[in-house]
$ cat target.cif   # mmCIF, C-alpha atoms
data_structure
#
loop_
_atom_site.label_atom_id
_atom_site.label_comp_id
_atom_site.auth_asym_id
_atom_site.auth_seq_id
_atom_site.Cartn_x
_atom_site.Cartn_y
_atom_site.Cartn_z
CA MET Y 114 111.61 172.80 245.33
CA VAL Y 115 112.71 169.30 244.55
CA LEU Y 116 109.82 167.48 246.28
CA LEU Y 117 107.21 169.37 244.28
CA GLU Y 118 109.19 168.76 241.12
CA LEU Y 119 109.25 165.04 241.89
CA ILE Y 120 105.50 164.96 242.48
CA TRP Y 121 104.85 166.86 239.26
CA SER Y 122 107.24 164.79 237.12
CA PHE Y 123 105.88 161.48 238.34
CA THR Y 124 102.29 162.68 238.09
CA LYS Y 125 102.98 163.28 234.40
CA ILE Y 126 104.53 159.82 234.14
CA GLY Y 127 101.54 158.29 235.95
CA PHE Y 128 98.92 159.90 233.76
CA THR Y 129 100.62 159.19 230.45
CA SER Y 130 101.49 155.57 231.03
CA PHE Y 131 99.49 152.42 231.31
CA GLY Y 132 101.73 150.26 233.42
CA GLY Y 133 104.72 148.07 232.78
CA LEU Y 134 107.48 148.74 230.33
CA SER Y 135 105.56 151.53 228.59
CA MET Y 136 106.75 153.75 231.45
CA ILE Y 137 110.47 153.37 230.80
CA PRO Y 138 111.03 155.93 228.00
CA LEU Y 139 109.03 158.55 229.91
CA ILE Y 140 110.77 157.90 233.20
CA THR Y 141 114.15 157.97 231.47
CA SER Y 142 113.59 161.37 229.89
CA GLU Y 143 112.14 162.89 233.07
CA VAL Y 144 114.85 161.72 235.48
CA LEU Y 145 117.70 162.46 233.07
CA SER Y 146 116.52 165.98 232.27
CA HIS Y 147 116.28 166.77 235.99
CA GLY Y 148 119.61 165.12 236.69
CA TRP Y 149 118.05 162.85 239.32
CA MET Y 150 119.64 159.72 237.89
CA THR Y 151 122.39 158.88 235.42
CA ALA Y 152 121.76 156.74 232.32
CA SER Y 153 123.46 153.73 233.89
CA GLU Y 154 121.36 154.10 237.04
CA VAL Y 155 118.25 154.00 234.86
CA SER Y 156 119.24 150.64 233.41
CA ASP Y 157 120.09 149.44 236.93
CA ILE Y 158 116.65 150.36 238.18
CA VAL Y 159 114.97 148.22 235.52
CA ALA Y 160 117.02 145.28 236.78
CA ILE Y 161 116.21 146.11 240.42
CA ALA Y 162 112.52 146.57 239.67
CA GLU Y 163 112.48 143.07 238.26
CA MET Y 164 113.90 141.45 241.36
CA THR Y 165 111.89 143.32 243.96
CA PRO Y 166 108.14 143.15 244.42
CA GLY Y 167 106.02 145.99 243.16
CA PRO Y 168 105.19 147.45 239.77
CA LEU Y 169 107.96 149.00 237.70
CA GLY Y 170 106.52 152.51 237.86
CA LEU Y 171 106.43 152.62 241.64
CA ASN Y 172 109.87 151.07 241.96
CA CYS Y 173 111.39 153.60 239.56
CA ALA Y 174 109.68 156.37 241.51
CA THR Y 175 111.15 155.12 244.79
CA PHE Y 176 114.65 154.78 243.35
CA ALA Y 177 114.67 158.17 241.61
CA GLY Y 178 113.04 159.82 244.62
CA ILE Y 179 115.71 158.54 246.98
CA LYS Y 180 118.49 159.59 244.60
CA ALA Y 181 116.99 163.07 244.32
CA ALA Y 182 115.86 163.81 247.87
CA GLY Y 183 116.15 160.79 250.16
CA ILE Y 184 113.13 159.07 251.68
CA PRO Y 185 110.83 162.14 251.49
CA GLY Y 186 111.69 162.19 247.79
CA ALA Y 187 110.66 158.54 247.45
CA ILE Y 188 107.30 159.27 249.08
CA ALA Y 189 106.76 162.34 246.86
CA ALA Y 190 107.56 160.40 243.68
CA ASN Y 191 105.30 157.50 244.71
CA LEU Y 192 102.51 159.97 245.37
CA GLY Y 193 103.01 161.31 241.84
CA VAL Y 194 102.77 157.89 240.19
CA LEU Y 195 99.66 157.12 242.23
CA MET Y 196 97.94 160.41 241.32
CA PRO Y 197 95.82 158.79 238.56
CA THR Y 198 94.72 156.13 241.07
CA LEU Y 199 93.87 158.74 243.69
CA THR Y 200 91.85 160.88 241.28
CA LEU Y 201 90.67 159.25 238.05
CA CYS Y 202 90.44 155.74 239.43
CA LEU Y 203 88.52 156.89 242.51
CA VAL Y 204 85.98 158.61 240.27
CA ALA Y 205 85.83 155.46 238.11
CA ALA Y 206 85.26 153.36 241.23
CA VAL Y 207 82.29 155.53 242.25
CA PHE Y 208 80.76 155.31 238.78
CA PHE Y 209 81.50 151.63 238.38
CA GLU Y 210 79.82 150.71 241.67
CA LYS Y 211 76.82 152.81 240.67
CA PHE Y 212 76.34 151.54 237.14
CA LYS Y 213 77.66 148.00 237.57
CA THR Y 214 74.17 146.54 237.51
CA SER Y 215 72.86 148.67 234.64
CA ARG Y 216 72.04 146.96 231.35
CA ARG Y 217 74.44 149.07 229.25
CA MET Y 218 77.34 148.45 231.63
CA GLY Y 219 76.61 144.73 231.43
CA GLN Y 220 76.77 144.91 227.64
CA ILE Y 221 80.03 146.85 227.72
CA MET Y 222 81.66 144.34 230.07
CA VAL Y 223 80.66 141.50 227.71
CA GLY Y 224 83.24 142.96 225.32
CA VAL Y 225 85.78 144.27 227.83
CA ARG Y 226 86.17 140.99 229.77
CA PRO Y 227 87.41 138.96 226.77
CA ILE Y 228 89.81 141.80 225.89
CA CYS Y 229 91.20 141.71 229.43
CA VAL Y 230 91.69 137.94 229.19
CA GLY Y 231 93.49 138.56 225.88
CA LEU Y 232 95.79 141.05 227.61
CA ILE Y 233 96.55 138.57 230.38
CA VAL Y 234 97.40 135.90 227.79
CA GLY Y 235 99.51 138.45 225.88
CA VAL Y 236 101.44 139.35 229.03
CA MET Y 237 102.01 135.66 229.78
CA ILE Y 238 103.40 135.07 226.28
CA SER Y 239 105.71 138.08 226.36
CA LEU Y 240 106.92 137.21 229.88
CA SER Y 241 107.59 133.63 228.75
CA MET Y 242 109.89 134.91 226.04
CA THR Y 243 112.15 136.60 228.59
CA ASN Y 244 111.70 134.53 231.77
CA TYR Y 245 112.66 131.15 230.30
CA VAL Y 246 115.70 132.39 228.43
CA VAL Y 247 118.86 132.35 230.53
CA GLU Y 248 122.06 133.64 228.92
CA SER Y 249 120.31 133.79 225.52
CA ALA Y 250 119.32 130.12 225.46
CA VAL Y 251 116.02 128.49 226.38
CA SER Y 252 116.46 127.12 229.90
CA LEU Y 253 114.96 123.69 230.56
CA PRO Y 254 115.39 123.95 234.37
CA ALA Y 255 113.47 127.24 234.33
CA ILE Y 256 110.66 125.61 232.33
CA GLY Y 257 110.78 122.69 234.76
CA ILE Y 258 110.34 125.07 237.71
CA ALA Y 259 107.38 126.69 235.95
CA LEU Y 260 105.68 123.33 235.30
CA LEU Y 261 106.24 122.25 238.91
CA ASP Y 262 104.80 125.59 240.13
CA LEU Y 263 101.74 125.20 237.93
CA PHE Y 264 101.19 121.70 239.33
CA LEU Y 265 101.61 122.91 242.93
CA LEU Y 266 99.22 125.82 242.35
CA LEU Y 267 96.45 123.95 240.58
CA ARG Y 268 96.67 120.47 242.11
CA PHE Y 269 97.76 121.25 245.68
CA LYS Y 270 96.39 124.81 245.88
CA LEU Y 271 99.67 125.98 247.35
CA SER Y 272 99.74 129.67 248.30
CA ILE Y 273 101.56 132.12 246.05
CA PRO Y 274 104.20 133.21 248.62
CA LYS Y 275 105.12 129.53 249.13
CA VAL Y 276 105.39 128.96 245.39
CA ILE Y 277 107.65 132.01 245.03
CA LEU Y 278 109.90 130.82 247.87
CA ILE Y 279 110.13 127.27 246.47
CA SER Y 280 111.02 128.72 243.05
CA ALA Y 281 113.73 130.93 244.57
CA VAL Y 282 115.29 127.92 246.30
CA LEU Y 283 115.13 125.86 243.09
CA GLY Y 284 116.70 128.81 241.25
CA LEU Y 285 119.62 128.68 243.69
CA VAL Y 286 119.95 124.91 243.22
CA PHE Y 287 119.86 124.97 239.40
CA PHE Y 288 121.53 128.22 238.46
CA HIS Y 289 124.11 128.88 241.13
CA MET D 211 81.95 145.39 261.37
CA SER D 212 82.94 149.03 261.50
CA ASN D 213 84.49 150.55 258.43
CA TRP D 214 87.76 151.29 260.22
CA LYS D 215 88.15 147.72 261.36
CA LYS D 216 87.42 146.54 257.82
CA ALA D 217 90.03 148.98 256.51
CA LEU D 218 92.58 147.63 258.97
CA ILE D 219 91.97 144.03 257.85
CA LEU D 220 92.22 145.05 254.19
CA PHE D 221 95.41 146.96 254.90
CA GLY D 222 96.94 143.79 256.38
CA GLN D 223 95.80 141.60 253.48
CA PHE D 224 97.11 144.00 250.84
CA PHE D 225 100.37 144.48 252.74
CA LYS D 226 100.87 140.72 252.39
CA PHE D 227 99.92 140.83 248.69
CA GLY D 228 102.39 143.67 248.25
CA CYS D 229 105.27 141.56 249.53
CA PHE D 230 104.83 139.12 246.67
CA THR D 231 103.91 141.27 243.69
CA PHE D 232 106.78 140.13 241.52
CA GLY D 233 106.61 140.35 237.76
CA GLY D 234 104.96 143.72 237.28
CA GLY D 235 102.21 143.06 239.75
CA TRP D 236 100.00 140.66 237.84
CA SER D 237 100.42 138.15 240.62
CA ILE D 238 98.29 140.36 242.86
CA ILE D 239 95.31 139.28 240.77
CA ALA D 240 96.27 135.67 241.43
CA GLN D 241 96.57 136.36 245.16
CA MET D 242 93.20 138.12 245.26
CA GLN D 243 91.65 135.25 243.33
CA LYS D 244 92.97 132.73 245.87
CA LEU D 245 91.90 134.69 248.93
CA TYR D 246 88.63 136.34 247.94
CA VAL D 247 87.25 134.05 245.23
CA GLU D 248 88.50 130.64 246.36
CA ASN D 249 88.83 130.82 250.15
CA GLU D 250 86.56 133.56 251.48
CA LYS D 251 84.12 133.35 248.57
CA THR D 252 83.31 137.06 249.07
CA MET D 253 83.79 137.79 245.40
CA THR D 254 82.97 136.04 242.13
CA SER D 255 85.62 135.51 239.49
CA GLU D 256 83.50 137.71 237.24
CA GLU D 257 83.76 140.62 239.69
CA LEU D 258 87.52 140.16 239.93
CA LEU D 259 87.83 140.14 236.15
CA ASP D 260 85.73 143.32 235.99
CA ILE D 261 87.95 145.10 238.52
CA THR D 262 91.04 143.94 236.63
CA SER D 263 89.58 145.16 233.34
CA VAL D 264 88.72 148.59 234.70
CA GLY D 265 92.04 148.90 236.57
CA ARG D 266 93.99 147.92 233.50
CA SER D 267 92.23 150.42 231.25
CA LEU D 268 92.90 153.45 233.46
CA PRO D 269 96.22 155.32 233.44
CA GLY D 270 98.74 154.71 236.21
CA THR D 271 99.85 151.45 237.74
CA MET D 272 97.34 148.68 237.26
CA ILE D 273 97.63 147.12 240.69
CA GLY D 274 97.27 150.49 242.41
CA ASN D 275 94.04 150.93 240.49
CA VAL D 276 92.91 147.39 241.26
CA ALA D 277 93.62 147.88 244.98
CA MET D 278 91.63 151.13 244.99
CA LEU D 279 88.70 149.62 243.04
CA TYR D 280 88.51 146.58 245.31
CA GLY D 281 88.76 148.62 248.51
CA TYR D 282 86.11 151.04 247.33
CA HIS D 283 83.87 148.12 246.42
CA VAL D 284 84.18 146.69 249.94
CA GLY D 285 83.94 149.85 252.03
CA GLY D 286 84.24 153.15 250.20
CA VAL D 287 87.10 155.61 250.05
CA VAL D 288 88.65 154.70 253.42
CA CYS D 289 88.99 151.04 252.48
CA GLY D 290 90.22 151.99 249.00
CA LEU D 291 93.05 154.02 250.51
CA ALA D 292 93.78 151.25 253.03
CA CYS D 293 94.23 148.71 250.22
CA LEU D 294 96.34 151.11 248.17
CA ILE D 295 98.69 152.09 251.00
CA GLY D 296 98.95 148.50 252.22
CA MET D 297 99.91 147.32 248.76
CA ILE D 298 102.55 149.97 248.02
CA LEU D 299 104.31 149.94 251.41
CA PRO D 300 106.26 146.65 251.05
CA PRO D 301 107.82 147.55 247.67
CA LEU D 302 108.57 151.04 248.97
CA LEU D 303 110.30 149.70 252.09
CA ILE D 304 112.17 146.90 250.32
CA LEU D 305 113.39 149.15 247.54
CA THR D 306 114.49 151.84 249.99
CA VAL D 307 116.73 149.30 251.70
CA ILE D 308 117.99 147.94 248.38
CA THR D 309 118.78 151.39 247.04
CA TYR D 310 121.14 151.96 249.93
CA PHE D 311 122.74 148.52 249.67
CA TYR D 312 122.59 148.15 245.93
CA SER D 313 126.28 147.40 245.57
CA LEU D 314 125.79 144.32 247.76
CA VAL D 315 123.03 142.72 245.68
CA GLN D 316 124.18 143.93 242.26
CA ASP D 317 125.65 140.99 240.32
CA ASN D 318 125.52 138.85 243.46
CA PRO D 319 125.37 135.28 242.09
CA TRP D 320 123.11 134.08 244.94
CA VAL D 321 120.54 136.80 244.38
CA MET D 322 120.74 136.46 240.60
CA SER D 323 120.17 132.70 240.55
CA ALA D 324 117.31 132.89 243.06
CA MET D 325 115.73 135.55 240.85
CA VAL D 326 115.86 133.26 237.79
CA GLY D 327 113.71 130.87 239.84
CA VAL D 328 111.31 133.60 240.98
CA ARG D 329 110.93 134.87 237.42
CA ALA D 330 110.12 131.33 236.28
CA ALA D 331 107.25 131.28 238.79
CA ILE D 332 105.48 134.39 237.44
CA VAL D 333 103.84 132.86 234.36
CA PRO D 334 102.39 129.83 236.20
CA ILE D 335 101.10 132.17 238.94
CA ILE D 336 99.31 134.35 236.39
CA ALA D 337 98.09 131.21 234.60
CA SER D 338 96.55 129.84 237.80
CA ALA D 339 94.48 133.01 238.16
CA ALA D 340 93.66 133.13 234.46
CA VAL D 341 92.15 129.64 234.58
CA SER D 342 89.58 130.85 237.09
CA LEU D 343 88.95 134.18 235.35
CA LEU D 344 88.39 132.46 231.99
CA LYS D 345 85.18 130.85 233.21
CA SER D 346 83.33 134.14 233.45
CA ALA D 347 84.77 135.93 230.43
CA PHE D 348 82.85 134.47 227.52
CA ARG D 349 79.11 135.03 227.63
CA TYR D 350 78.63 134.60 223.89
CA PRO D 351 80.66 132.54 221.38
CA LEU D 352 81.87 135.68 219.60
CA CYS D 353 83.72 136.72 222.77
CA TYR D 354 86.38 134.08 222.07
CA ALA D 355 87.19 135.91 218.84
CA LEU D 356 87.71 139.13 220.82
CA THR D 357 90.25 137.44 223.08
CA ILE D 358 92.20 136.01 220.15
CA MET D 359 92.15 139.39 218.42
CA ALA D 360 93.39 141.14 221.58
CA VAL D 361 96.31 138.71 221.97
CA ILE D 362 97.36 139.20 218.35
CA LEU D 363 97.04 142.99 218.37
CA TYR D 364 98.85 143.24 221.71
CA LEU D 365 101.79 141.06 220.71
CA ALA D 366 102.13 141.74 216.99
CA VAL D 367 101.50 145.48 216.69
CA ASN D 368 101.96 146.41 220.34
CA MET D 369 98.54 148.07 220.40
CA SER D 370 97.91 150.12 223.54
CA CYS D 371 95.54 148.81 226.19
CA VAL D 372 93.32 151.87 225.89
CA THR D 373 92.70 151.25 222.20
CA LEU D 374 92.00 147.60 222.90
CA VAL D 375 89.56 148.41 225.71
CA VAL D 376 87.74 150.94 223.50
CA ILE D 377 87.41 148.20 220.85
CA GLY D 378 86.11 145.95 223.64
CA VAL D 379 83.48 148.50 224.69
CA VAL D 380 82.19 148.92 221.13
CA CYS D 381 82.24 145.18 220.39
CA GLY D 382 80.57 144.43 223.72
CA LEU D 383 77.64 146.71 222.89
CA LEU D 384 77.32 145.32 219.35
CA ILE D 385 77.64 141.66 220.34
CA SER D 386 75.18 141.99 223.24
CA GLU D 387 72.59 143.84 221.15
CA TYR D 388 72.90 141.22 218.41
CA TYR D 389 72.42 138.24 220.71
CA GLU D 390 69.74 139.90 222.84
CA ARG D 391 67.71 140.73 219.74
CA LYS D 392 68.16 137.24 218.38
CA GLU D 393 66.96 135.89 221.71
CA LEU D 394 63.91 138.18 221.60
CA LYS D 395 63.02 137.10 218.07
CA LYS D 396 63.28 133.45 218.99
CA ASN D 397 61.05 133.94 221.99
CA GLY D 398 58.62 135.98 219.87
CA THR D 399 58.08 133.25 217.29
CA ALA D 400 58.04 130.42 219.78
#
$ encode --input "target.cif" --output "structure tokens"
Amino acid sequence: MVLLELIWSFTKIGFTSFGGLSMIPLITSEVLSHGWMTASEVSDIVAIAEMTPGPLGLNCATFAGIKAAGIPGAIAANLGVLMPTLTLCLVAAVFFEKFKTSRRMGQIMVGVRPICVGLIVGVMISLSMTNYVVESAVSLPAIGIALLDLFLLLRFKLSIPKVILISAVLGLVFFH
Amino acid sequence: MSNWKKALILFGQFFKFGCFTFGGGWSIIAQMQKLYVENEKTMTSEELLDITSVGRSLPGTMIGNVAMLYGYHVGGVVCGLACLIGMILPPLLILTVITYFYSLVQDNPWVMSAMVGVRAAIVPIIASAAVSLLKSAFRYPLCYALTIMAVILYLAVNMSCVTLVVIGVVCGLLISEYYERKELKKNGTA
């Protein structure tokens, strides 16, 4: 049954990936071997996932699910990707709430917090390398938009939806 | 407030977050920081960084994990599920529509140019959250070295997050023990 297959495939994808682009090779091999998507659809979905909200894994699941079995397929595939969250993460949440105040947990977080900041900085650097390059050249208008956004966020405390909308309008003005 | 009412409010808040999780979802951290740390003041930036750290180190999608961890923290399993479902619904709905009308948006110059602008906004959005999270990340001077090491290992050798977090756990225990003992010694001789 295709819905169960979707759940199982995307559960495997969910448990073996840690977010972002690391999911792509896995998703590609799963959806191609089941014939849910063609190779060109897979590269399309990466482009679509970038321009719609939501993490890549969930967006791929929705797209492949719809291609394979319509909207029920999308829900089944999403459920699969979220399986680690519904099981492992729930258990982690219980333990974390319980041991949050313990001395050992405090010591562990002293090391984990700086690592997490390092990951955030790493993501920002790698995103900068793709987001400010338009047609394989560094784009000054794109950097200008980013600097304006930073100013609006930090100085005027503008909300994130507003900043995204302003940036979309500026994108239309500069790049259309 | 009853748990169900709380869950309903969280569902609404995360539904709104979900509409604007561009760029792989990191902007949800920025949105949570703005709402819960800055405006409502129901959460410290340290707690948000902790949830992000734990969510990032577990398998699956990070923001799904973060939504679950935050919801559970506020009101148990029901609120965890409310946050999770609220967050994933907008992308699910939007992408369902787009999948059926893909030929309309594909290579559409209007959509493409607007998206260049949206993509340009992602890094400053993450940066605005990072500024606030930074404050609570470095308890001891050696923690700065951990951050620098994580950036280098992540970018240069593409080291997996799990390995990095395990290194963080070990270093956290060692660094804390070292400084706590030093502190004890100083107090002992004083």
$ residues_around --input "target.cif" --residues "Asn213 of chain D" --least-positions-apart "2" --cutoff "9 Å" --atoms "all atoms listed in the file" --output "PDB file with C-alpha atoms, in the frame of the given file"
ATOM      1  CA  MET D 211      81.950 145.390 261.370  1.00  0.00           C
ATOM      2  CA  LYS D 215      88.150 147.720 261.360  1.00  0.00           C
ATOM      3  CA  LYS D 216      87.420 146.540 257.820  1.00  0.00           C
ATOM      4  CA  ALA D 217      90.030 148.980 256.510  1.00  0.00           C
ATOM      5  CA  LEU D 218      92.580 147.630 258.970  1.00  0.00           C
ATOM      6  CA  GLY D 285      83.940 149.850 252.030  1.00  0.00           C
ATOM      7  CA  GLY D 286      84.240 153.150 250.200  1.00  0.00           C
ATOM      8  CA  VAL D 288      88.650 154.700 253.420  1.00  0.00           C
ATOM      9  CA  CYS D 289      88.990 151.040 252.480  1.00  0.00           C
TER      10      CYS D 289
END
$ atom_distance --input "target.cif" --atom1 "atom CA of Val379 of chain D" --atom2 "atom CA of Gln220 of chain Y"
8.2 Å
$ interface_residues --input "target.cif" --of "chain Y" --to "chain D" --cutoff "6 Å" --atoms "only C-alpha atoms" --output "JSON, numbers by chain"
{"Y": [127, 128, 130, 131, 132, 166, 167, 168, 197, 198, 206, 220, 221, 223, 224, 225, 226, 227, 228, 229, 231, 235, 237, 244, 255, 259, 263, 277, 280, 281, 284, 285, 288, 289]}
$ atom_distance --input "target.cif" --atom1 "atom CA of Pro351 of chain D" --atom2 "atom CA of Gly219 of chain Y"
16.3 Å
$ atom_distance --input "target.cif" --atom1 "atom CA of Ser146 of chain Y" --atom2 "atom CA of Cys202 of chain Y"
28.9 Å
$ closest_residue --input "target.cif" --among "D:Val247, D:Leu258, D:Ile239, D:Leu220" --to "Cys293 of chain D" --atoms "all atoms listed in the file"
D:Leu220
$ closest_residue --input "target.cif" --among "Y:Glu143, Y:Leu192, Y:Arg217, Y:Gly148" --to "Ile295 of chain D" --atoms "only C-alpha atoms"
Y:Leu192
$ resolve_selection --input "target.cif" --expression "the PyMOL selection byres ((chain Y and resi 119) around 12)" --output "PyMOL selection string"
chain Y and resi 114-118+120-127+140+143-144+147-149+173-183+185-194
$ decode --input "target.cif" --residues "segment 213-233 of chain D" --atoms "N, CA, C and O atoms" --output "PDB file, in the first residue's frame"
ATOM      1  N   ASN D 213      -5.182  23.883  29.843  1.00  0.00           N
ATOM      2  CA  ASN D 213      -4.167  23.416  28.913  1.00  0.00           C
ATOM      3  C   ASN D 213      -4.623  23.486  27.460  1.00  0.00           C
ATOM      4  O   ASN D 213      -3.845  23.761  26.565  1.00  0.00           O
ATOM      5  N   TRP D 214      -5.940  23.250  27.262  1.00  0.00           N
ATOM      6  CA  TRP D 214      -6.460  23.258  25.891  1.00  0.00           C
ATOM      7  C   TRP D 214      -6.440  24.656  25.304  1.00  0.00           C
ATOM      8  O   TRP D 214      -6.132  24.857  24.141  1.00  0.00           O
ATOM      9  N   LYS D 215      -6.770  25.632  26.164  1.00  0.00           N
ATOM     10  CA  LYS D 215      -6.764  27.011  25.706  1.00  0.00           C
ATOM     11  C   LYS D 215      -5.339  27.430  25.364  1.00  0.00           C
ATOM     12  O   LYS D 215      -5.084  28.082  24.357  1.00  0.00           O
ATOM     13  N   LYS D 216      -4.403  27.018  26.242  1.00  0.00           N
ATOM     14  CA  LYS D 216      -2.992  27.301  26.004  1.00  0.00           C
ATOM     15  C   LYS D 216      -2.560  26.698  24.664  1.00  0.00           C
ATOM     16  O   LYS D 216      -1.869  27.328  23.867  1.00  0.00           O
ATOM     17  N   ALA D 217      -2.989  25.441  24.443  1.00  0.00           N
ATOM     18  CA  ALA D 217      -2.612  24.747  23.209  1.00  0.00           C
ATOM     19  C   ALA D 217      -3.135  25.483  21.986  1.00  0.00           C
ATOM     20  O   ALA D 217      -2.449  25.596  20.969  1.00  0.00           O
ATOM     21  N   LEU D 218      -4.356  26.023  22.125  1.00  0.00           N
ATOM     22  CA  LEU D 218      -4.965  26.741  21.007  1.00  0.00           C
ATOM     23  C   LEU D 218      -4.172  28.013  20.682  1.00  0.00           C
ATOM     24  O   LEU D 218      -3.911  28.324  19.517  1.00  0.00           O
ATOM     25  N   ILE D 219      -3.771  28.740  21.733  1.00  0.00           N
ATOM     26  CA  ILE D 219      -2.970  29.960  21.530  1.00  0.00           C
ATOM     27  C   ILE D 219      -1.638  29.608  20.862  1.00  0.00           C
ATOM     28  O   ILE D 219      -1.219  30.248  19.897  1.00  0.00           O
ATOM     29  N   LEU D 220      -0.992  28.545  21.377  1.00  0.00           N
ATOM     30  CA  LEU D 220       0.294  28.129  20.801  1.00  0.00           C
ATOM     31  C   LEU D 220       0.129  27.720  19.342  1.00  0.00           C
ATOM     32  O   LEU D 220       0.961  28.044  18.497  1.00  0.00           O
ATOM     33  N   PHE D 221      -0.961  27.004  19.072  1.00  0.00           N
ATOM     34  CA  PHE D 221      -1.225  26.585  17.701  1.00  0.00           C
ATOM     35  C   PHE D 221      -1.259  27.807  16.781  1.00  0.00           C
ATOM     36  O   PHE D 221      -0.636  27.837  15.724  1.00  0.00           O
ATOM     37  N   GLY D 222      -1.984  28.853  17.206  1.00  0.00           N
ATOM     38  CA  GLY D 222      -2.085  30.080  16.418  1.00  0.00           C
ATOM     39  C   GLY D 222      -0.733  30.751  16.221  1.00  0.00           C
ATOM     40  O   GLY D 222      -0.378  31.163  15.111  1.00  0.00           O
ATOM     41  N   GLN D 223       0.049  30.824  17.312  1.00  0.00           N
ATOM     42  CA  GLN D 223       1.362  31.478  17.217  1.00  0.00           C
ATOM     43  C   GLN D 223       2.288  30.723  16.277  1.00  0.00           C
ATOM     44  O   GLN D 223       2.970  31.321  15.449  1.00  0.00           O
ATOM     45  N   PHE D 224       2.285  29.381  16.389  1.00  0.00           N
ATOM     46  CA  PHE D 224       3.189  28.602  15.544  1.00  0.00           C
ATOM     47  C   PHE D 224       2.694  28.530  14.103  1.00  0.00           C
ATOM     48  O   PHE D 224       3.493  28.373  13.186  1.00  0.00           O
ATOM     49  N   PHE D 225       1.380  28.657  13.914  1.00  0.00           N
ATOM     50  CA  PHE D 225       0.860  28.723  12.545  1.00  0.00           C
ATOM     51  C   PHE D 225       1.433  29.972  11.864  1.00  0.00           C
ATOM     52  O   PHE D 225       1.870  29.926  10.720  1.00  0.00           O
ATOM     53  N   LYS D 226       1.459  31.066  12.611  1.00  0.00           N
ATOM     54  CA  LYS D 226       2.013  32.313  12.069  1.00  0.00           C
ATOM     55  C   LYS D 226       3.517  32.164  11.811  1.00  0.00           C
ATOM     56  O   LYS D 226       4.016  32.592  10.760  1.00  0.00           O
ATOM     57  N   PHE D 227       4.236  31.558  12.761  1.00  0.00           N
ATOM     58  CA  PHE D 227       5.670  31.306  12.536  1.00  0.00           C
ATOM     59  C   PHE D 227       5.855  30.499  11.252  1.00  0.00           C
ATOM     60  O   PHE D 227       6.727  30.774  10.445  1.00  0.00           O
ATOM     61  N   GLY D 228       5.003  29.478  11.110  1.00  0.00           N
ATOM     62  CA  GLY D 228       5.138  28.556   9.987  1.00  0.00           C
ATOM     63  C   GLY D 228       5.008  29.229   8.631  1.00  0.00           C
ATOM     64  O   GLY D 228       5.590  28.778   7.653  1.00  0.00           O
ATOM     65  N   CYS D 229       4.231  30.324   8.596  1.00  0.00           N
ATOM     66  CA  CYS D 229       4.053  31.040   7.329  1.00  0.00           C
ATOM     67  C   CYS D 229       5.332  31.714   6.872  1.00  0.00           C
ATOM     68  O   CYS D 229       5.478  32.056   5.704  1.00  0.00           O
ATOM     69  N   PHE D 230       6.253  31.948   7.801  1.00  0.00           N
ATOM     70  CA  PHE D 230       7.441  32.732   7.446  1.00  0.00           C
ATOM     71  C   PHE D 230       8.738  32.003   7.727  1.00  0.00           C
ATOM     72  O   PHE D 230       9.753  32.605   7.995  1.00  0.00           O
ATOM     73  N   THR D 231       8.694  30.668   7.705  1.00  0.00           N
ATOM     74  CA  THR D 231       9.922  29.911   7.945  1.00  0.00           C
ATOM     75  C   THR D 231      10.671  29.696   6.643  1.00  0.00           C
ATOM     76  O   THR D 231      10.838  28.576   6.192  1.00  0.00           O
ATOM     77  N   PHE D 232      11.116  30.785   6.037  1.00  0.00           N
ATOM     78  CA  PHE D 232      11.941  30.648   4.839  1.00  0.00           C
ATOM     79  C   PHE D 232      13.358  30.291   5.254  1.00  0.00           C
ATOM     80  O   PHE D 232      13.751  30.489   6.386  1.00  0.00           O
ATOM     81  N   GLY D 233      14.113  29.779   4.289  1.00  0.00           N
ATOM     82  CA  GLY D 233      15.534  29.556   4.532  1.00  0.00           C
ATOM     83  C   GLY D 233      15.807  28.409   5.476  1.00  0.00           C
ATOM     84  O   GLY D 233      16.607  28.515   6.395  1.00  0.00           O
TER      85      GLY D 233
END
